[in-house]
Structure formats: C-alpha cells, structure tokens
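Asker: Here it is, the structure in full.
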2 protein chains.
Amino acid sequence: MITALAGGVGAARFLRGLVAVVPPERTTAIVNTGDDLVLHGLYICPDLDTVTYTLAGVIDPATGWGRAEESWRVMDQLGRLGGRTWFRLGDMDLATHLYRTQRLSEGVGLSVVASELAAAWELDVRMLPMSDDPVRTVLRVPGQGEVSFQDYFVRQHHDVTVESVSFAGVEDAAPAPGVLDAVAAADAIIICPSNPIVSIGPIVAVPGMRQALESRRERVVAISPIIAGAAVKGPADRLMRELGHDASVVGVARLYGALAGTLVIDRADEDLAGAVEAQGIRVVITETLMSTPAVAADLARAALASVLG
Amino acid sequence: MITALAGGVGAARFLRGLVAVVPPERTTAIVNTGDDLVLHGLYICPDLDTVTYTLAGVIDPATGWGRAEESWRVMDQLGRLGGRTWFRLGDMDLATHLYRTQRLSEGVGLSVVASELAAAWELDVRMLPMSDDPVRTVLRVPGQGEVSFQDYFVRQHHDVTVESVSFAGVEDAAPAPGVLDAVAAADAIIICPSNPIVSIGPIVAVPGMRQALESRRERVVAISPIIAGAAVKGPADRLMRELGHDASVVGVARLYGALAGTLVIDRADEDLAGAVEAQGIRVVITETLMSTPAVAADLARAALASVLG
C-alpha cells in the first residue's frame, strides 16, 4: 500500500506518474481541502478536483486545473448578470460542484463524495480528503487583514506579501475516515511536490496527522517542490521566504525533517545535498521537474525505491 | 399604478401583454415563491425566473420556461457523474441561480436579488417575490405523504392524486418589502391567469395579504385560468376537482369572490356568466386564451377597463 499527501497541480502530475509504476488500487491520495471554498452556494474542492481530473485524463493540460475542452456558457452569462466571475468555473467543472453540493446537502461526508466522483471517473486510486470537516487556509496580508486562500491565490494572483498562514477550524477537524489507517498501514508514504506551507501544511495540521507521520518517519519520503531556489509554479518560494524559511531544498528539509526520513531533490540542487543531510534527512538526487509523464513515473520510482529499497 | 399577482407561464404571458398597454415602470408584479427549491445547493425561483425571462424576451417560446437558445453542458455532465437531472437546468439559466444563491449568501434579501436580476435585464417592471421568507408549497399525495411542489409538478408530471395542499412556513412569513404598499396604492390589482391553488394560493396565504386584497376588492380583477372547464396548461383543473372545487369559472369565482370584485372569463364560458355573477362577482367576457402577444394585450386592456373604467 502506498499513501501520498497531495496538494494540487504538482501532486496531480506526480500521482499520474505514481500510478504508472504501482497498481492504482494499492494507492491512496490524502488531499488538501484547506483551499476549498463556497461560492455561488457551491462547495468547491480545487485540489481534490485537480487530482481527480488529472488521474481521469480529463484535466486541461494547458493550465493544469479544470477540464480539457471546457466551455464557459454559465460564466459568460453570470458576467452579464453582474455576478462574481473572478473564480472561473467551466460548464463541465460546474457539474462536479453541483454533484458534490447536492450530496453534501443530503448529509453525506466529503470523503464519500470524493470516492463517488472517483468512481464516476472509474479511478482505482482511493481519493480521500484530509478531513470531512471544514478547514480553511487563511493568509494575513498587510492592509487587508485575513484573506481566504482563493482570494489570495486566484483573485490577487498570490502577488501580495503574506505575514502569516493559519488553518481556521483545524483544531476541531478530524482526519477523514481511512486517513490515519492509510498512513499507519502504508509501505511507503510520499509527500508529493506540493507547496509545503499551504498544500501539505493543512494536511499535517489536522489533529493526529503529525504524530501519525512522525511515527512512520522512516517510511516517509518527501519530494522537494523547490528546484534551485524557486517553485516550479505558484508562490511556494515567496511564501517560504516571507514566513522566515530558506526558499531552498534546505528550507524544505527543515520543514519536513521531523516527518520524513528522506527528501528527493533535483539534480540542480546537488551541491546542497550535504546541507540537507545535515538536517538529519537522507537525500535522493534525481530529475524532479515533471516535464513529461515519463519523468513523473521515474520520479515516483526513485521516491519509492528510497523507502522500499 | 398597476399591481399584478403572478404565478408562472400564464402570468408571464399576461404580463407581457400588460406592459404593452401600460408603462412598465408603473407596474409591479408580486410573484409566487411557494414553488422555489434548493437543488445542488442552488436557490431556484421558477416563477420569478419565468416572469423575468418572459418580460426580457429571452424565454424559451416552446416550453414557456427556461432560456431560449439554451445549452445543456452542465446537465449532460451531471448526468454522467450520476447526479440528479430530473429538474432540468440549462447553462444560461444556471447563471441566474448562481447569481441569486451567491447574493443570498451575502445576506441580501430575495426581493433585492429579484430587482437586481430585473435590472440586469433592463426591465422597468418592479419584480417582487411575495415574501423574502421561505414558504414551501407542499402537496399530500396518497402513499407518498407530503411531496414538494417541484417533485409533484416536474418529477411526477403532476400525474398523481392530491389530497391537500399547504404552504409550509407561511405563518412565519412576512410580505416582501413593498408588497403591501403595492396592493394598497394600486389603481388596479390584477390576479393573473395562474393556478388559483398553487400559484395565487401561496401569495394570498402570506400573512396580511388576504386582508390587504379584501380591503381593495373593488379594484381587484381576476382572470380565470380555467376555460371551458380545463386549464390551458398544467394541473389547475384536476387540482381544483380533487380539492373539492368546481373546475369551472364558477369554481374560480367562489375561490376569488372575497378578494376580487371582477372576474374575466373566456367567451367559451359565456353561458356560465350568470352563475358567476350569482357569487357576487362582476363578469367580463372576452378572449382569454393568449395565443399571441396581441391577444394578451387585449386581455390586459379589458381587465384594466373593468376596474379603471
């Protein structure tokens, strides 16, 4: 059994590689829900959907989120009515949010809905939200107070300074059914190449998760989302710097050191391998920029080998 | 000032005739919300939307509801995901529900949202829901207990026996802001040719409305939705029979007699004029089947003349 902690685009690409090298039915993805939002009354789970669409082969390859061959009839009309259109929801994508919101209103948990949607796409990977309870990633921005993740990320294009990050509601959240077992029973636990602060951070903050990971540290391998001091995509490097971390594989090693016995870094960071190992974490050096599915599969193979031998 | 009590398709067609003969900015429509439903998390107001779309000239002329030149991308995809698709929501129509639900979630009242949507369509008619509070028309069906209006009307094609009709929540509902004033200040109050039980019934049941109408009885003119013992469309005749009323203009006169000083009936019912007048209600006989906008305009003119002279 393989368990992966996953954020959005980077995690989705990695997981597509992973299921090319291990049987999908032996794979569990524990996905961040701190980015979730309610908009137009609809319950939207960007990370769960990005992972699901990617594994289903229906992701928009240009953006890495949303559906391929999408249309925008609803959004166009909503704009004409004067509605809020900064968070773009395509027609086919909207069907996912309608389905999810209806099921939640019937009293079903988010983890059940996630598995129903995975089944609708005939995915064999087990798809679990980190929690069935609402957790909201909140960023403190000077002059704005606290802003929600999607406001920061989409509306403001993560182009503002962040003073602090917190996960509202996380103290009262429980891991979704199956999450702790998936960590406890896994032969390998992979922390996908996602933003350590706002993608992996919320998952680890769910009560019980940090201890569960620490107790399996020798089976946990993290893949650095930072290559040569920069995030492949998104604000991971800037966020790390602003919150007082090194925006480097060494900074990643410090963040993950208590959880992961191994860190996979890119060849571009080979000269930092010693500094990473000085944090008490083993280093694996390979190509981590997933420019093709084949690279992602090789990366998955290298990560698994570091734990499974 | 002209005020009209309105249900769905029949009322919408009548109102399109009305605004051809009186200035729309002097016209207020008080619209039934007992048919409203929440589905997929979206707040849907079928009657408000039918009236708004019709006056905006964007109604589907074939069905009398929904948008012309509509597409079904979201519904098609929702069906593939295993979602609920019995209540058909087109892509452009969905934008209305997204807009409304978002605004309601921001704490704005339904009457404000209705006027915002009317403004988006550049309508001069004032569009008011009967109440900003939730009222739900509920039908008791043998063997099924209580079913919601849209379950009865759409999912079961109103093809079941109804034992009783009630309006859940109506005791605690208040007329929407402007509703009582629109009745009190009107030169003429028109009860549109809508289902007396499930379209006009909920409006009259809102606390304060019956008294407000009764006190203006001489200014109130109703248009019979029953022609020659049958509803033009929908279950009005069957419902009236099953609930113990005559499915005829005489039955309509009995239902409306305390509220309306005048009843407009079709030429096909000329022989029942005496029986209607025996209920203490004046009769106007004209063509009421609104086969063209011109007929609807003539009907509006006749209804107004009966009250305004």
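Going through the structure tokens in order, the chains are called A, B, and so on, while each chain numbers its residues from 1 and the ligands are numbered from 1 in the order shown.
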As a PyMOL selection string, please: every residue in stretch 71-177 of chain A that DSSP puts in alpha helix (DSSP H).

Answerer: chain A and resi 73-80+91-105+110-120+149-150

Asker: Write out the coordinates of chain A as a compact mmCIF listing (two decimals) with C-alpha atoms, in the first residue's frame after a least-squares overlay onto chain B built on all ordered Cα pairs.

Answerer:
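Written out: out_6.txt:
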# COMPACT_ATOMS: atom_id res chain seq x y z
CA MET A 1 -49.96 52.14 -10.56
CA ILE A 2 -50.89 48.60 -11.58
CA THR A 3 -50.12 45.60 -9.37
CA ALA A 4 -50.37 42.00 -10.55
CA LEU A 5 -50.29 38.76 -8.57
CA ALA A 6 -48.38 36.27 -10.68
CA GLY A 7 -47.51 32.61 -10.92
CA GLY A 8 -45.51 31.18 -13.82
CA VAL A 9 -46.14 30.73 -17.53
CA GLY A 10 -49.73 32.06 -17.80
CA ALA A 11 -48.93 35.08 -15.65
CA ALA A 12 -45.76 35.79 -17.61
CA ARG A 13 -47.65 35.81 -20.91
CA PHE A 14 -50.31 38.07 -19.43
CA LEU A 15 -47.73 40.49 -18.01
CA ARG A 16 -46.07 40.76 -21.41
CA GLY A 17 -49.46 41.90 -22.70
CA LEU A 18 -49.96 44.22 -19.75
CA VAL A 19 -46.70 46.13 -20.27
CA ALA A 20 -47.71 46.64 -23.90
CA VAL A 21 -50.70 48.69 -22.74
CA VAL A 22 -49.44 50.40 -19.54
CA PRO A 23 -46.00 51.87 -18.82
CA PRO A 24 -43.85 49.07 -17.32
CA GLU A 25 -42.39 51.46 -14.73
CA ARG A 26 -45.91 51.84 -13.30
CA THR A 27 -46.30 48.07 -12.99
CA THR A 28 -45.46 45.82 -10.05
CA ALA A 29 -45.52 42.02 -10.22
CA ILE A 30 -45.90 40.16 -6.92
CA VAL A 31 -44.67 36.69 -7.75
CA ASN A 32 -45.29 33.31 -6.11
CA THR A 33 -42.26 31.80 -4.40
CA GLY A 34 -44.00 28.70 -2.99
CA ASP A 35 -42.52 26.71 -5.89
CA ASP A 36 -38.96 27.69 -5.02
CA LEU A 37 -36.48 24.93 -4.33
CA VAL A 38 -32.90 24.38 -3.31
CA LEU A 39 -31.18 21.85 -5.53
CA HIS A 40 -27.43 21.26 -5.92
CA GLY A 41 -27.12 23.98 -3.24
CA LEU A 42 -28.66 26.50 -5.64
CA TYR A 43 -31.66 28.65 -4.76
CA ILE A 44 -34.08 28.34 -7.67
CA CYS A 45 -37.17 30.55 -8.14
CA PRO A 46 -39.06 29.09 -11.13
CA ASP A 47 -41.90 31.63 -11.19
CA LEU A 48 -39.74 34.71 -10.70
CA ASP A 49 -37.44 33.49 -13.46
CA THR A 50 -40.25 32.63 -15.87
CA VAL A 51 -41.74 36.11 -15.46
CA THR A 52 -38.35 37.82 -15.70
CA TYR A 53 -37.18 35.85 -18.76
CA THR A 54 -40.53 36.38 -20.50
CA LEU A 55 -40.52 40.14 -19.95
CA ALA A 56 -36.85 40.25 -21.03
CA GLY A 57 -37.76 38.44 -24.25
CA VAL A 58 -35.34 35.59 -23.59
CA ILE A 59 -37.81 32.89 -22.57
CA ASP A 60 -37.87 29.61 -24.46
CA PRO A 61 -41.04 30.11 -26.53
CA ALA A 62 -41.51 26.36 -27.00
CA THR A 63 -41.74 25.45 -23.31
CA GLY A 64 -42.66 28.77 -21.69
CA TRP A 65 -39.89 28.29 -19.09
CA GLY A 66 -36.09 28.48 -19.24
CA ARG A 67 -33.96 30.37 -21.71
CA ALA A 68 -34.24 30.45 -25.48
CA GLU A 69 -31.20 29.10 -27.33
CA GLU A 70 -30.22 27.28 -24.17
CA SER A 71 -27.43 24.69 -23.93
CA TRP A 72 -27.15 21.78 -21.52
CA ARG A 73 -23.42 21.23 -20.95
CA VAL A 74 -23.68 21.20 -17.16
CA MET A 75 -26.73 18.90 -17.05
CA ASP A 76 -25.17 16.46 -19.54
CA GLN A 77 -22.04 16.23 -17.42
CA LEU A 78 -24.04 16.00 -14.19
CA GLY A 79 -25.89 13.02 -15.67
CA ARG A 80 -22.58 11.33 -16.45
CA LEU A 81 -21.49 11.83 -12.84
CA GLY A 82 -24.69 10.17 -11.60
CA GLY A 83 -26.24 13.42 -10.36
CA ARG A 84 -29.88 14.42 -10.18
CA THR A 85 -31.08 15.67 -13.52
CA TRP A 86 -34.88 15.41 -13.32
CA PHE A 87 -35.08 19.17 -12.79
CA ARG A 88 -33.52 20.44 -16.00
CA LEU A 89 -31.31 23.50 -15.55
CA GLY A 90 -29.79 24.94 -18.71
CA ASP A 91 -26.37 26.57 -18.73
CA MET A 92 -27.58 30.15 -19.10
CA ASP A 93 -30.39 29.57 -16.63
CA LEU A 94 -27.86 28.22 -14.11
CA ALA A 95 -26.09 31.57 -14.13
CA THR A 96 -29.26 33.12 -12.66
CA HIS A 97 -29.28 30.58 -9.84
CA LEU A 98 -25.56 31.02 -9.15
CA TYR A 99 -26.03 34.78 -9.01
CA ARG A 100 -29.06 34.55 -6.72
CA THR A 101 -27.50 31.99 -4.36
CA GLN A 102 -24.30 33.99 -4.00
CA ARG A 103 -26.21 37.20 -3.24
CA LEU A 104 -28.46 35.46 -0.71
CA SER A 105 -25.36 34.01 0.97
CA GLU A 106 -24.09 37.58 1.32
CA GLY A 107 -27.18 38.36 3.42
CA VAL A 108 -29.21 40.19 0.77
CA GLY A 109 -32.98 39.58 0.67
CA LEU A 110 -34.68 37.74 -2.18
CA SER A 111 -36.58 40.92 -3.14
CA VAL A 112 -33.28 42.77 -3.60
CA VAL A 113 -31.92 39.93 -5.74
CA ALA A 114 -35.11 39.89 -7.84
CA SER A 115 -34.75 43.61 -8.53
CA GLU A 116 -31.04 43.21 -9.33
CA LEU A 117 -31.85 40.50 -11.86
CA ALA A 118 -34.66 42.61 -13.33
CA ALA A 119 -32.18 45.49 -13.64
CA ALA A 120 -29.63 43.23 -15.33
CA TRP A 121 -32.31 42.58 -17.95
CA GLU A 122 -33.14 46.29 -18.10
CA LEU A 123 -36.74 45.63 -17.07
CA ASP A 124 -38.76 48.59 -15.85
CA VAL A 125 -41.41 46.40 -14.23
CA ARG A 126 -40.92 46.15 -10.49
CA MET A 127 -40.43 42.47 -9.70
CA LEU A 128 -41.25 41.44 -6.13
CA PRO A 129 -41.28 37.98 -4.60
CA MET A 130 -44.36 37.57 -2.39
CA SER A 131 -42.01 37.20 0.59
CA ASP A 132 -38.32 37.24 1.41
CA ASP A 133 -39.01 34.39 3.83
CA PRO A 134 -39.10 30.76 2.71
CA VAL A 135 -42.59 29.41 1.99
CA ARG A 136 -42.88 25.93 0.50
CA THR A 137 -45.93 24.59 -1.26
CA VAL A 138 -46.39 21.00 -0.09
CA LEU A 139 -48.86 18.50 -1.56
CA ARG A 140 -50.19 15.46 0.24
CA VAL A 141 -50.24 12.51 -2.15
CA PRO A 142 -51.76 9.13 -1.14
CA GLY A 143 -49.01 6.61 -0.44
CA GLN A 144 -46.29 9.28 -0.63
CA GLY A 145 -47.10 11.59 2.26
CA GLU A 146 -46.06 15.18 1.64
CA VAL A 147 -44.18 15.97 -1.56
CA SER A 148 -42.63 19.26 -2.59
CA PHE A 149 -44.16 21.23 -5.43
CA GLN A 150 -41.43 20.55 -7.98
CA ASP A 151 -41.36 16.86 -7.11
CA TYR A 152 -45.12 16.78 -7.84
CA PHE A 153 -45.03 19.13 -10.81
CA VAL A 154 -41.83 18.19 -12.64
CA ARG A 155 -40.63 14.81 -11.43
CA GLN A 156 -44.10 13.25 -11.24
CA HIS A 157 -45.54 15.37 -14.11
CA HIS A 158 -48.48 16.35 -11.79
CA ASP A 159 -49.88 12.93 -12.69
CA VAL A 160 -50.85 11.89 -9.16
CA THR A 161 -53.85 12.47 -6.90
CA VAL A 162 -53.54 15.33 -4.42
CA GLU A 163 -55.41 15.17 -1.11
CA SER A 164 -54.44 18.55 0.25
CA VAL A 165 -52.15 21.50 -0.34
CA SER A 166 -50.36 23.51 2.34
CA PHE A 167 -47.77 26.26 2.44
CA ALA A 168 -45.06 25.31 4.89
CA GLY A 169 -43.58 28.25 6.74
CA VAL A 170 -46.22 30.71 5.60
CA GLU A 171 -47.34 31.57 9.15
CA ASP A 172 -43.88 32.95 9.86
CA ALA A 173 -43.48 34.70 6.50
CA ALA A 174 -43.92 38.42 6.00
CA PRO A 175 -44.82 40.10 2.72
CA ALA A 176 -41.63 41.23 0.98
CA PRO A 177 -40.78 44.94 1.37
CA GLY A 178 -43.07 46.90 -0.93
CA VAL A 179 -45.69 44.18 -1.39
CA LEU A 180 -48.40 45.55 0.90
CA ASP A 181 -47.79 49.08 -0.36
CA ALA A 182 -48.10 47.88 -3.96
CA VAL A 183 -51.53 46.45 -3.12
CA ALA A 184 -52.62 49.48 -1.09
CA ALA A 185 -51.51 52.08 -3.65
CA ALA A 186 -52.57 50.35 -6.87
CA ASP A 187 -55.20 51.80 -9.15
CA ALA A 188 -55.87 48.27 -10.31
CA ILE A 189 -54.83 44.91 -8.87
CA ILE A 190 -54.86 42.03 -11.33
CA ILE A 191 -54.87 38.38 -10.35
CA CYS A 192 -53.14 36.87 -13.38
CA PRO A 193 -54.45 33.71 -15.09
CA SER A 194 -52.43 31.38 -12.87
CA ASN A 195 -53.29 28.27 -10.89
CA PRO A 196 -55.57 29.53 -8.06
CA ILE A 197 -54.47 26.77 -5.66
CA VAL A 198 -50.70 26.56 -6.04
CA SER A 199 -49.71 29.84 -7.74
CA ILE A 200 -52.06 32.50 -6.37
CA GLY A 201 -52.87 30.50 -3.21
CA PRO A 202 -49.42 30.94 -1.63
CA ILE A 203 -49.39 34.69 -2.32
CA VAL A 204 -52.78 35.18 -0.67
CA ALA A 205 -51.70 32.98 2.27
CA VAL A 206 -48.83 35.29 3.25
CA PRO A 207 -49.98 36.97 6.47
CA GLY A 208 -51.63 40.32 5.75
CA MET A 209 -52.20 39.69 2.04
CA ARG A 210 -55.76 38.41 2.20
CA GLN A 211 -56.90 41.38 4.25
CA ALA A 212 -54.97 43.78 2.01
CA LEU A 213 -56.70 42.39 -1.08
CA GLU A 214 -60.15 42.23 0.55
CA SER A 215 -59.91 45.87 1.53
CA ARG A 216 -59.25 46.76 -2.15
CA ARG A 217 -61.81 44.28 -3.57
CA GLU A 218 -63.44 46.79 -5.90
CA ARG A 219 -60.04 47.41 -7.53
CA VAL A 220 -59.18 43.73 -7.85
CA VAL A 221 -59.86 41.90 -11.11
CA ALA A 222 -59.05 38.23 -11.56
CA ILE A 223 -58.60 36.46 -14.87
CA SER A 224 -59.87 32.90 -14.91
CA PRO A 225 -57.16 30.34 -15.73
CA ILE A 226 -59.97 27.86 -16.44
CA ILE A 227 -61.53 27.92 -19.92
CA ALA A 228 -64.45 25.59 -20.63
CA GLY A 229 -63.69 23.50 -17.56
CA ALA A 230 -60.01 22.96 -18.35
CA ALA A 231 -56.70 24.57 -17.54
CA VAL A 232 -54.85 25.95 -20.57
CA LYS A 233 -51.76 24.21 -19.24
CA GLY A 234 -50.89 22.39 -16.04
CA PRO A 235 -52.97 20.77 -13.34
CA ALA A 236 -55.30 23.62 -12.21
CA ASP A 237 -58.50 21.82 -13.26
CA ARG A 238 -57.55 18.45 -11.79
CA LEU A 239 -56.29 20.05 -8.56
CA MET A 240 -59.48 22.08 -8.18
CA ARG A 241 -61.64 18.99 -8.64
CA GLU A 242 -59.58 16.86 -6.26
CA LEU A 243 -59.71 19.53 -3.58
CA GLY A 244 -63.51 19.77 -3.84
CA HIS A 245 -63.92 22.81 -6.09
CA ASP A 246 -65.80 23.13 -9.37
CA ALA A 247 -63.22 23.05 -12.17
CA SER A 248 -65.03 25.88 -13.92
CA VAL A 249 -65.23 29.67 -13.93
CA VAL A 250 -67.87 29.27 -11.22
CA GLY A 251 -65.36 27.41 -9.06
CA VAL A 252 -62.82 30.16 -9.72
CA ALA A 253 -65.42 32.79 -8.79
CA ARG A 254 -66.03 31.02 -5.46
CA LEU A 255 -62.29 30.88 -4.73
CA TYR A 256 -61.70 34.54 -5.59
CA GLY A 257 -65.09 36.04 -4.66
CA ALA A 258 -63.95 37.56 -1.36
CA LEU A 259 -60.84 39.11 -2.95
CA ALA A 260 -61.88 40.24 -6.41
CA GLY A 261 -64.81 42.41 -7.46
CA THR A 262 -64.49 41.29 -11.08
CA LEU A 263 -63.72 38.04 -12.88
CA VAL A 264 -62.67 37.95 -16.53
CA ILE A 265 -63.88 34.76 -18.23
CA ASP A 266 -63.51 33.41 -21.74
CA ARG A 267 -66.21 33.62 -24.40
CA ALA A 268 -66.35 29.80 -24.21
CA ASP A 269 -67.83 30.21 -20.72
CA GLU A 270 -70.41 32.86 -21.65
CA ASP A 271 -73.25 30.57 -20.56
CA LEU A 272 -71.80 30.47 -17.03
CA ALA A 273 -71.74 34.27 -16.65
CA GLY A 274 -74.96 34.27 -14.64
CA ALA A 275 -73.71 31.56 -12.29
CA VAL A 276 -70.52 33.56 -11.75
CA GLU A 277 -72.47 36.75 -11.01
CA ALA A 278 -74.57 34.77 -8.54
CA GLN A 279 -71.33 34.51 -6.49
CA GLY A 280 -71.45 38.29 -6.08
CA ILE A 281 -68.67 38.99 -8.59
CA ARG A 282 -68.93 41.08 -11.76
CA VAL A 283 -68.19 39.32 -15.03
CA VAL A 284 -66.20 40.48 -18.03
CA ILE A 285 -66.35 38.22 -21.09
CA THR A 286 -63.53 38.34 -23.63
CA GLU A 287 -60.95 36.17 -25.34
CA THR A 288 -58.61 34.85 -22.62
CA LEU A 289 -56.57 32.24 -24.48
CA MET A 290 -53.31 34.18 -25.04
CA SER A 291 -52.31 32.59 -28.32
CA THR A 292 -50.44 35.75 -29.39
CA PRO A 293 -48.99 38.79 -27.60
CA ALA A 294 -51.75 40.86 -29.20
CA VAL A 295 -54.44 38.74 -27.53
CA ALA A 296 -52.60 39.11 -24.22
CA ALA A 297 -52.55 42.89 -24.66
CA ASP A 298 -56.27 42.96 -25.47
CA LEU A 299 -56.92 40.81 -22.40
CA ALA A 300 -54.91 43.21 -20.24
CA ARG A 301 -56.84 46.17 -21.68
CA ALA A 302 -60.17 44.50 -20.92
CA ALA A 303 -59.12 43.62 -17.37
CA LEU A 304 -57.91 47.16 -16.67
CA ALA A 305 -61.02 48.72 -18.19
CA SER A 306 -63.23 46.67 -15.90
CA VAL A 307 -61.63 48.34 -12.87
CA LEU A 308 -60.46 51.72 -14.16
CA GLY A 309 -63.45 52.31 -16.43

Asker: Would you return as a PyMOL selection string the members of stretch 84-182 of chain B that DSSP assigns to strand (DSSP E or B) on this structure's backbone?

Answerer: chain B and resi 126-129+131+136-141+145-148+164-168+175

Asker: Could you please take those selected residues and save C-alpha atoms as a PDB file, in the first residue's frame?

Answerer:
ATOM      1  CA  ARG B 126     -40.930  46.154 -10.489  1.00  0.00           C
ATOM      2  CA  MET B 127     -40.449  42.474  -9.692  1.00  0.00           C
ATOM      3  CA  LEU B 128     -41.268  41.437  -6.130  1.00  0.00           C
ATOM      4  CA  PRO B 129     -41.315  37.983  -4.581  1.00  0.00           C
ATOM      5  CA  SER B 131     -42.024  37.204   0.593  1.00  0.00           C
ATOM      6  CA  ARG B 136     -42.876  25.945   0.502  1.00  0.00           C
ATOM      7  CA  THR B 137     -45.935  24.591  -1.253  1.00  0.00           C
ATOM      8  CA  VAL B 138     -46.382  21.011  -0.097  1.00  0.00           C
ATOM      9  CA  LEU B 139     -48.845  18.510  -1.567  1.00  0.00           C
ATOM     10  CA  ARG B 140     -50.168  15.456   0.234  1.00  0.00           C
ATOM     11  CA  VAL B 141     -50.223  12.506  -2.155  1.00  0.00           C
ATOM     12  CA  GLY B 145     -47.089  11.588   2.247  1.00  0.00           C
ATOM     13  CA  GLU B 146     -46.052  15.172   1.640  1.00  0.00           C
ATOM     14  CA  VAL B 147     -44.161  15.964  -1.546  1.00  0.00           C
ATOM     15  CA  SER B 148     -42.621  19.262  -2.596  1.00  0.00           C
ATOM     16  CA  SER B 164     -54.416  18.544   0.253  1.00  0.00           C
ATOM     17  CA  VAL B 165     -52.126  21.496  -0.331  1.00  0.00           C
ATOM     18  CA  SER B 166     -50.355  23.505   2.332  1.00  0.00           C
ATOM     19  CA  PHE B 167     -47.779  26.264   2.435  1.00  0.00           C
ATOM     20  CA  ALA B 168     -45.067  25.317   4.890  1.00  0.00           C
ATOM     21  CA  PRO B 175     -44.830  40.096   2.712  1.00  0.00           C
TER      22      PRO B 175
END
